[in-house]
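Colleague: I'm passing along structure-v8.cif; it holds mmCIF, C-alpha atoms and all ligand atoms.
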```cif
data_query
#
loop_
_atom_site.label_atom_id
_atom_site.label_comp_id
_atom_site.auth_asym_id
_atom_site.auth_seq_id
_atom_site.Cartn_x
_atom_site.Cartn_y
_atom_site.Cartn_z
CA MET A 1 16.55 -10.26 11.64
CA LYS A 2 15.81 -7.05 13.46
CA SER A 3 14.36 -7.46 16.93
CA PHE A 4 12.02 -5.46 19.09
CA ASP A 5 14.65 -5.30 21.84
CA GLU A 6 17.20 -3.81 19.46
CA PHE A 7 14.82 -1.06 18.32
CA LYS A 8 13.62 -0.44 21.85
CA SER A 9 17.16 0.05 23.13
CA ILE A 10 17.73 2.64 20.39
CA TYR A 11 14.38 4.38 20.98
CA ALA A 12 15.00 4.61 24.72
CA LEU A 13 18.47 6.21 24.50
CA PRO A 14 18.89 9.62 26.12
CA LEU A 15 17.46 12.02 23.53
CA PRO A 16 20.74 13.84 22.77
CA GLU A 17 22.45 10.50 22.05
CA LEU A 18 19.52 9.24 19.94
CA MET A 19 19.49 12.45 17.88
CA PHE A 20 23.27 12.33 17.41
CA ARG A 21 23.22 8.72 16.22
CA ALA A 22 20.30 9.34 13.87
CA ALA A 23 22.03 12.40 12.40
CA LEU A 24 25.23 10.39 11.85
CA VAL A 25 23.34 7.61 10.07
CA HIS A 26 21.52 10.24 8.01
CA ARG A 27 24.74 11.93 6.88
CA GLU A 28 26.49 8.64 6.14
CA ASN A 29 23.68 7.48 3.90
CA ARG A 30 21.88 10.48 2.44
CA ASP A 31 22.23 14.18 1.72
CA TYR A 32 20.65 15.99 4.68
CA ARG A 33 19.81 18.95 2.41
CA ASP A 34 17.63 16.78 0.22
CA VAL A 35 14.20 17.12 1.85
CA GLN A 36 11.76 15.94 -0.79
CA ARG A 37 8.52 17.80 -1.40
CA CYS A 38 5.68 15.52 -2.43
CA ALA A 39 2.26 16.53 -3.66
CA LEU A 40 -0.78 14.51 -2.65
CA LEU A 41 -4.06 14.19 -4.52
CA SER A 42 -7.20 12.27 -3.71
CA ILE A 43 -8.25 10.86 -7.08
CA LYS A 44 -11.32 9.06 -5.69
CA THR A 45 -12.77 10.29 -2.43
CA GLY A 46 -15.04 8.76 0.23
CA GLY A 47 -17.50 5.88 0.25
CA CYS A 48 -14.84 3.28 1.04
CA PRO A 49 -16.12 -0.17 2.12
CA GLU A 50 -13.30 -0.64 4.68
CA ASP A 51 -13.92 0.27 8.33
CA CYS A 52 -10.56 1.88 9.27
CA THR A 53 -11.47 3.75 12.46
CA TYR A 54 -9.06 6.59 11.70
CA CYS A 55 -10.37 7.41 8.25
CA SER A 56 -12.74 10.13 7.11
CA GLN A 57 -13.40 8.22 3.89
CA SER A 58 -14.87 5.05 5.34
CA ALA A 59 -18.55 4.50 4.44
CA HIS A 60 -19.00 2.95 7.91
CA TYR A 61 -18.93 6.35 9.63
CA ASP A 62 -20.80 9.57 9.23
CA SER A 63 -17.98 12.03 8.45
CA PRO A 64 -18.47 15.29 6.57
CA VAL A 65 -16.34 14.16 3.60
CA GLU A 66 -18.12 14.43 0.26
CA ARG A 67 -17.90 11.45 -2.08
CA VAL A 68 -16.21 12.24 -5.38
CA PRO A 69 -15.88 9.64 -8.15
CA LEU A 70 -12.59 8.88 -9.89
CA MET A 71 -11.08 12.01 -11.46
CA THR A 72 -10.38 12.27 -15.16
CA VAL A 73 -6.84 12.01 -16.51
CA ASP A 74 -7.01 15.65 -17.62
CA GLU A 75 -7.94 16.82 -14.12
CA VAL A 76 -4.95 14.92 -12.76
CA ARG A 77 -2.65 16.37 -15.44
CA VAL A 78 -3.57 19.93 -14.40
CA LYS A 79 -2.88 19.16 -10.72
CA ALA A 80 0.37 17.37 -11.51
CA GLU A 81 1.66 20.24 -13.66
CA ALA A 82 0.85 22.73 -10.91
CA ALA A 83 2.59 20.54 -8.32
CA LYS A 84 5.69 20.29 -10.48
CA ALA A 85 5.74 24.06 -11.01
CA ALA A 86 5.54 24.49 -7.22
CA GLY A 87 8.59 22.28 -6.69
CA ALA A 88 7.21 18.77 -6.13
CA THR A 89 9.43 15.91 -7.29
CA ARG A 90 6.96 13.20 -6.32
CA PHE A 91 3.25 13.08 -7.05
CA CYS A 92 1.15 10.76 -4.87
CA MET A 93 -2.41 9.75 -5.69
CA GLY A 94 -4.81 8.07 -3.28
CA ALA A 95 -8.10 6.29 -3.92
CA ALA A 96 -10.68 5.31 -1.30
CA TRP A 97 -10.89 1.72 -2.49
CA ARG A 98 -10.57 -1.61 -0.69
CA GLN A 99 -8.96 -2.86 -3.90
CA PRO A 100 -9.04 -1.67 -7.51
CA LYS A 101 -11.41 -3.44 -9.90
CA ASP A 102 -9.90 -4.43 -13.24
CA GLY A 103 -11.52 -2.47 -16.07
CA PRO A 104 -11.85 1.12 -17.26
CA GLU A 105 -11.19 2.75 -13.87
CA PHE A 106 -7.96 0.84 -13.26
CA ASP A 107 -6.91 1.59 -16.86
CA ARG A 108 -7.53 5.27 -16.14
CA VAL A 109 -5.26 5.12 -13.09
CA LEU A 110 -2.56 3.59 -15.31
CA ASP A 111 -2.94 6.59 -17.63
CA MET A 112 -2.63 8.94 -14.66
CA VAL A 113 0.65 7.24 -13.73
CA ARG A 114 1.90 7.70 -17.31
CA VAL A 115 1.01 11.40 -17.22
CA VAL A 116 2.91 11.98 -13.98
CA ARG A 117 5.95 10.06 -15.22
CA GLY A 118 5.76 12.04 -18.46
CA LEU A 119 6.24 15.19 -16.35
CA ASP A 120 9.44 13.69 -14.97
CA MET A 121 8.17 13.34 -11.41
CA GLU A 122 8.19 10.20 -9.30
CA ALA A 123 4.70 8.66 -9.25
CA CYS A 124 3.23 6.93 -6.20
CA VAL A 125 -0.28 5.56 -5.82
CA THR A 126 -2.24 4.04 -2.96
CA LEU A 127 -5.28 2.08 -4.12
CA GLY A 128 -5.75 -0.62 -1.48
CA MET A 129 -5.02 -4.34 -1.95
CA LEU A 130 -3.44 -5.39 -5.24
CA THR A 131 -3.18 -8.62 -7.20
CA ASP A 132 0.13 -9.61 -8.80
CA SER A 133 -1.16 -8.75 -12.26
CA GLN A 134 -2.34 -5.29 -11.16
CA ALA A 135 1.06 -4.63 -9.59
CA GLU A 136 2.75 -5.70 -12.83
CA ARG A 137 0.54 -3.41 -14.90
CA LEU A 138 1.32 -0.49 -12.60
CA LYS A 139 5.01 -1.27 -12.98
CA ASP A 140 4.65 -1.33 -16.78
CA ALA A 141 2.93 2.07 -16.67
CA GLY A 142 6.08 3.39 -14.97
CA LEU A 143 4.94 3.58 -11.34
CA THR A 144 7.81 4.49 -9.01
CA ALA A 145 6.32 3.44 -5.68
CA TYR A 146 3.21 1.96 -4.10
CA ASN A 147 2.01 3.26 -0.74
CA HIS A 148 0.38 0.69 1.52
CA ASN A 149 0.78 1.38 5.22
CA LEU A 150 0.96 -1.28 7.92
CA ASP A 151 -0.42 1.51 10.12
CA SER A 152 0.50 -0.15 13.45
CA SER A 153 1.65 -3.38 15.10
CA ARG A 154 0.16 -6.78 14.28
CA ARG A 155 -1.15 -6.87 17.85
CA PHE A 156 -2.98 -3.53 17.69
CA TYR A 157 -4.20 -3.75 14.08
CA PRO A 158 -7.49 -5.63 14.77
CA GLU A 159 -8.52 -2.81 17.09
CA ILE A 160 -8.43 -0.25 14.28
CA VAL A 161 -9.52 -2.24 11.20
CA LYS A 162 -11.82 -5.25 11.11
CA THR A 163 -12.57 -5.59 7.37
CA ARG A 164 -9.08 -6.87 6.48
CA THR A 165 -6.12 -8.45 8.25
CA TYR A 166 -2.49 -7.56 8.83
CA ASP A 167 -1.56 -10.50 6.59
CA ASP A 168 -3.71 -9.02 3.77
CA ARG A 169 -1.59 -5.89 4.08
CA LEU A 170 1.68 -7.86 4.01
CA GLU A 171 0.50 -9.86 1.00
CA THR A 172 0.00 -6.67 -1.04
CA LEU A 173 3.43 -5.40 -0.01
CA ARG A 174 4.90 -8.66 -1.31
CA ALA A 175 3.02 -8.34 -4.62
CA VAL A 176 4.38 -4.80 -5.00
CA SER A 177 7.96 -5.99 -4.38
CA ARG A 178 7.58 -8.98 -6.71
CA ALA A 179 6.56 -6.57 -9.47
CA GLY A 180 9.72 -4.54 -8.87
CA ILE A 181 7.92 -1.45 -7.58
CA SER A 182 9.45 0.39 -4.67
CA VAL A 183 7.53 -0.04 -1.40
CA CYS A 184 6.24 2.91 0.62
CA SER A 185 4.91 1.73 3.96
CA GLY A 186 4.65 3.25 7.39
CA GLY A 187 2.02 4.06 9.94
CA ILE A 188 -0.08 6.39 12.02
CA LEU A 189 0.66 7.61 15.54
CA GLY A 190 -2.10 8.60 17.95
CA MET A 191 -4.76 5.91 17.49
CA GLY A 192 -4.51 4.65 21.08
CA GLU A 193 -1.52 2.39 20.43
CA THR A 194 1.47 2.23 22.77
CA GLU A 195 5.00 3.37 21.99
CA ASP A 196 5.91 -0.33 21.82
CA ASP A 197 3.26 -0.88 19.12
CA ARG A 198 4.94 1.76 16.98
CA LEU A 199 8.29 0.05 17.41
CA MET A 200 6.79 -3.35 16.59
CA MET A 201 5.52 -1.83 13.35
CA LEU A 202 9.05 -0.67 12.48
CA VAL A 203 10.38 -4.16 13.28
CA GLU A 204 7.76 -5.71 11.00
CA LEU A 205 8.74 -3.36 8.15
CA ALA A 206 12.48 -3.84 8.70
CA ASN A 207 12.09 -7.63 8.50
CA LEU A 208 10.30 -7.63 5.14
CA GLU A 209 12.24 -9.39 2.41
CA THR A 210 12.44 -5.98 0.72
CA PRO A 211 12.29 -3.31 3.44
CA PRO A 212 10.47 -0.13 2.34
CA GLU A 213 12.46 2.54 0.55
CA SER A 214 9.94 5.03 1.87
CA VAL A 215 8.52 5.12 5.41
CA PRO A 216 5.73 7.64 6.02
CA ILE A 217 5.13 8.59 9.65
CA ASN A 218 1.66 10.10 9.97
CA CYS A 219 0.05 11.62 13.03
CA LEU A 220 -3.65 10.90 13.22
CA MET A 221 -5.80 13.59 11.64
CA PRO A 222 -8.93 13.15 13.79
CA SER A 223 -12.03 13.36 11.66
CA ARG A 224 -15.56 14.19 12.85
CA GLY A 225 -17.87 11.15 12.89
CA THR A 226 -15.08 8.55 13.09
CA PRO A 227 -14.46 6.50 16.25
CA LEU A 228 -11.14 8.33 16.73
CA ALA A 229 -12.56 11.83 16.36
CA MET A 230 -11.63 12.74 19.95
CA ALA A 231 -8.22 11.06 20.11
CA PRO A 232 -5.64 13.18 21.98
CA LYS A 233 -2.60 14.67 20.24
CA VAL A 234 0.60 12.63 20.14
CA ASP A 235 3.41 13.74 22.44
CA SER A 236 6.00 15.72 20.46
CA ILE A 237 9.04 13.95 21.81
CA GLU A 238 7.51 10.55 21.02
CA ILE A 239 7.24 11.67 17.38
CA VAL A 240 10.87 12.79 17.33
CA ARG A 241 12.08 9.57 18.97
CA LEU A 242 10.18 7.43 16.49
CA ILE A 243 11.55 9.34 13.50
CA ALA A 244 15.11 9.03 14.80
CA THR A 245 14.61 5.29 15.35
CA ALA A 246 13.15 4.95 11.85
CA ARG A 247 16.16 6.77 10.38
CA ILE A 248 18.52 4.33 12.11
CA ALA A 249 16.35 1.33 11.14
CA PHE A 250 16.10 2.40 7.47
CA PRO A 251 19.39 4.24 6.82
CA ARG A 252 18.94 4.70 3.07
CA SER A 253 15.16 5.15 2.92
CA ARG A 254 13.07 8.28 2.83
CA VAL A 255 11.55 8.86 6.25
CA ARG A 256 8.53 11.00 5.55
CA LEU A 257 7.08 13.47 8.02
CA SER A 258 3.57 13.01 6.65
CA ALA A 259 0.13 13.86 8.06
CA GLY A 260 -0.07 16.08 11.14
CA ARG A 261 2.34 18.92 10.39
CA ASP A 262 -0.51 21.44 10.54
CA LYS A 263 -0.55 21.06 14.32
CA MET A 264 3.22 21.05 14.77
CA THR A 265 5.27 24.09 15.61
CA ARG A 266 8.08 25.08 13.29
CA GLU A 267 10.52 24.00 15.99
CA LEU A 268 9.02 20.51 16.29
CA GLN A 269 9.18 20.03 12.54
CA ILE A 270 12.82 21.11 12.55
CA LEU A 271 13.55 18.60 15.35
CA CYS A 272 11.98 15.93 13.11
CA PHE A 273 14.31 16.90 10.25
CA LEU A 274 17.28 16.84 12.61
CA ALA A 275 16.15 13.35 13.66
CA GLY A 276 16.34 12.23 10.04
CA ALA A 277 13.01 12.98 8.38
CA ASP A 278 13.65 13.96 4.77
CA SER A 279 10.31 14.45 3.07
CA ILE A 280 7.07 16.35 3.50
CA PHE A 281 3.71 16.61 1.80
CA PHE A 282 3.21 20.17 0.72
CA GLY A 283 0.08 21.88 -0.52
CA GLU A 284 -2.84 22.99 1.60
CA LYS A 285 -4.67 19.66 1.65
CA LEU A 286 -3.65 16.07 2.27
CA LEU A 287 -6.35 13.69 0.97
CA THR A 288 -9.24 15.21 2.92
CA ALA A 289 -7.51 16.86 5.89
CA PRO A 290 -5.59 20.15 6.16
CA ASN A 291 -1.85 20.64 5.70
CA PRO A 292 0.24 23.78 6.42
CA ASP A 293 0.04 26.77 4.03
CA THR A 294 2.58 26.60 1.23
CA GLU A 295 3.84 30.04 2.32
CA ASP A 296 4.52 28.75 5.85
CA ASP A 297 6.39 25.80 4.37
CA ALA A 298 8.46 28.07 2.16
CA ALA A 299 9.34 30.09 5.27
CA LEU A 300 10.22 26.90 7.15
CA PHE A 301 12.67 25.87 4.43
CA ARG A 302 14.17 29.37 4.32
CA ALA A 303 14.59 29.29 8.11
CA MET A 304 16.47 26.01 7.79
CA GLY A 305 18.62 27.43 5.02
CA LEU A 306 17.17 24.98 2.50
CA PRO A 307 15.63 27.41 0.02
CA GLU A 308 15.36 25.39 -3.16
CA PRO A 309 13.56 22.09 -3.62
CA MET A 310 16.20 19.50 -4.52
CA ALA A 311 15.64 17.72 -7.81
CA CYS A 312 15.29 14.00 -7.41
CA GLU A 313 18.39 12.02 -8.30
CA PRO A 314 18.36 10.70 -11.90
CA SER A 315 18.32 7.09 -10.64
CA CYS A 316 14.82 7.53 -9.25
CA ARG A 317 13.26 8.49 -12.55
N1 LIG A 401 -7.61 2.98 0.59
C1 LIG A 401 -6.23 2.77 0.48
C2 LIG A 401 -5.61 2.13 1.71
O1 LIG A 401 -6.07 2.37 2.80
O2 LIG A 401 -4.63 1.42 1.54
C3 LIG A 401 -5.47 4.03 0.15
C4 LIG A 401 -5.90 5.35 0.73
S1 LIG A 401 -5.69 5.53 2.50
C5 LIG A 401 -6.46 7.06 2.84
C6 LIG A 401 -3.91 5.78 2.66
C7 LIG A 401 -3.34 5.86 4.04
O3 LIG A 401 -3.66 7.11 4.63
C8 LIG A 401 -3.84 4.86 5.07
O4 LIG A 401 -3.19 3.63 4.98
C9 LIG A 401 -3.50 5.53 6.37
O5 LIG A 401 -2.23 5.11 6.82
C10 LIG A 401 -3.47 7.02 6.02
N2 LIG A 401 -4.56 7.74 6.69
C11 LIG A 401 -5.87 7.61 6.44
N3 LIG A 401 -6.60 8.39 7.25
C12 LIG A 401 -5.72 9.02 8.05
C13 LIG A 401 -5.87 9.94 9.12
N4 LIG A 401 -7.07 10.36 9.51
N5 LIG A 401 -4.76 10.41 9.72
C14 LIG A 401 -3.55 9.98 9.32
N6 LIG A 401 -3.35 9.10 8.31
C15 LIG A 401 -4.42 8.62 7.69
C1 LIG A 402 0.48 8.36 3.85
O1 LIG A 402 1.15 7.62 4.59
N1 LIG A 402 -0.06 9.49 4.23
C2 LIG A 402 -0.85 10.08 3.16
C3 LIG A 402 -0.49 9.16 1.97
N2 LIG A 402 0.21 8.09 2.59
C4 LIG A 402 -1.54 8.69 1.06
C5 LIG A 402 -2.29 10.14 3.51
C6 LIG A 402 -2.55 10.97 4.74
C7 LIG A 402 -4.03 11.09 4.92
C8 LIG A 402 -4.39 12.04 5.99
C9 LIG A 402 -5.84 12.11 6.23
C10 LIG A 402 -6.65 12.74 5.13
O2 LIG A 402 -6.20 13.63 4.42
O3 LIG A 402 -7.81 12.34 5.02
FE1 LIG A 403 -10.67 3.09 2.86
FE2 LIG A 403 -8.06 3.54 2.85
FE3 LIG A 403 -9.72 5.04 4.37
FE4 LIG A 403 -9.30 2.52 5.05
S1 LIG A 403 -7.76 4.15 4.98
S2 LIG A 403 -11.29 3.54 4.95
S3 LIG A 403 -9.08 1.55 3.06
S4 LIG A 403 -9.66 4.97 2.15
#
```
Could you rewrite the structure in this file as structure tokens?

Modeller:
Amino acid sequence: MKSFDEFKSIYALPLPELMFRAALVHRENRDYRDVQRCALLSIKTGGCPEDCTYCSQSAHYDSPVERVPLMTVDEVRVKAEAAKAAGATRFCMGAAWRQPKDGPEFDRVLDMVRVVRGLDMEACVTLGMLTDSQAERLKDAGLTAYNHNLDSSRRFYPEIVKTRTYDDRLETLRAVSRAGISVCSGGILGMGETEDDRLMMLVELANLETPPESVPINCLMPSRGTPLAMAPKVDSIEIVRLIATARIAFPRSRVRLSAGRDKMTRELQILCFLAGADSIFFGEKLLTAPNPDTEDDAALFRAMGLPEPMACEPSCR
């Protein structure tokens, strides 16, 4: 069992020591040159019945996001081919659903997964809560990973979402694991939580029967009309400390520097990579919010001396 005190004592180390330990763990367990580029696509946008206070796609708030129904498989194929040509080795698709309904739309998502896998990329989807049978069908379609974030600590969660519980979230993560799909689960910084809440979230993830193989760390993308529209920016060093702690807590997992890079300097992003982050979303849009220009990202990788996207290891296909 991992404990809060253990993670806190790591997180609170003098920064040079924390960075050194995280870099050691990174090198012992992974190839530091392998920073994965993932593409992200919103396959169904807006009008979501959940009330997540951070989200531009919730129907509870008046945000400027336009509702778009579920894409066609052909539209997804075009986007996936372009992403692959641009160097993505993972293609992630998100739907603004509380949970998928069995029927033609879920079947279409299964086809989208098959298309992405047919292009030899990892496929990840995030569709809300899943039943065991839906998880099994996604596995049969070839899904690599399912993204379902815990977002924050159990204590803080009811302050940001009221339409579902922390245990609902954990139940879906268990269904995903039972189906043999790799778990992608992390959180969001900057919603008014404390640094301890962020650590409690890592403890919760580390104590899962199957800890996530992928841990996205998002910074809040404040969206007009949502209750968190005016939330202040997260302190840079807090981001770096959390990434380093996540690297030590999940030595063999991908720690993903996810939403929020558009407001980070090049130097801060590089500190995050030195702390053990080894994945980014690239492309000019996340689901609804902006991401850095692809040209700026190419320059960032050149500056780090990591010019070529690394192909994903054969075992992940
Ligand atoms: N509806 C599904 C769900 O919530 O599980 C999937 C889509 S949802 C947009 C996927 C994840 O994006 C959320 O769990 C949350 O962690 C993240 N997210 C949503 N809005 C965000 C925002 N404004 N800033 C940062 N991350 C956000
Ligand atoms: C994750 O942890 N981050 C991505 C992905 N999983 C689906 C989503 C980020 C969303 C940022 C806000 C937006 O684009 O609306
Ligand atoms: Fe819906 Fe997901 Fe946004 Fe919550 S985070 S409102 S569940 S799309």

Colleague: Output as CSV one row per residue of region 2-40 of chain A within 9 Å of region 289-307 of chain A: the closest atom pair and its distance in Å to one decimal place, counting all atoms listed in the file, sorted by chain and residue number ascending.

Modeller:
```
residue,atom,partner,partner_atom,distance
A:Arg33,CA,A:Leu306,CA,6.6
A:Asp34,CA,A:Leu306,CA,8.5
A:Val35,CA,A:Leu306,CA,8.4
```

Colleague: Identify which of the residues A:Ser253, A:Gln57, A:Ser153, A:Thr72 lies closest to ligand LIG 401 (chain A), counting all atoms listed in the file when measuring atom-to-atom distances.

Modeller: A:Gln57

Colleague: Please indicate the distance in Å from CA of Thr210 (chain A) to CA of Phe4 (chain A), rounded to one decimal place.

Modeller: 18.4 Å

Colleague: Record the distance separating CA of Gly187 (chain A) and CA of Asp51 (chain A), expressed in Å with one decimal.

Modeller: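 Here the two named atoms are 16.5 Å from each other.
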
Colleague: Suppose you want the space between CA of Ala59 (chain A) and atom FE1 of ligand LIG 403 (chain A); what is it in Å?

Modeller: 8.2 Å

Colleague: Return as a PyMOL selection string every polymer residue, whether protein, DNA or RNA, with at least one atom no more than 10 Å from an atom of ligand LIG 402 (chain A); count all atoms listed in the file.

Modeller: chain A and resi 38-42+45-46+54-57+65+92-96+124-127+146-151+184-188+214-223+256-260+280-281+285-291
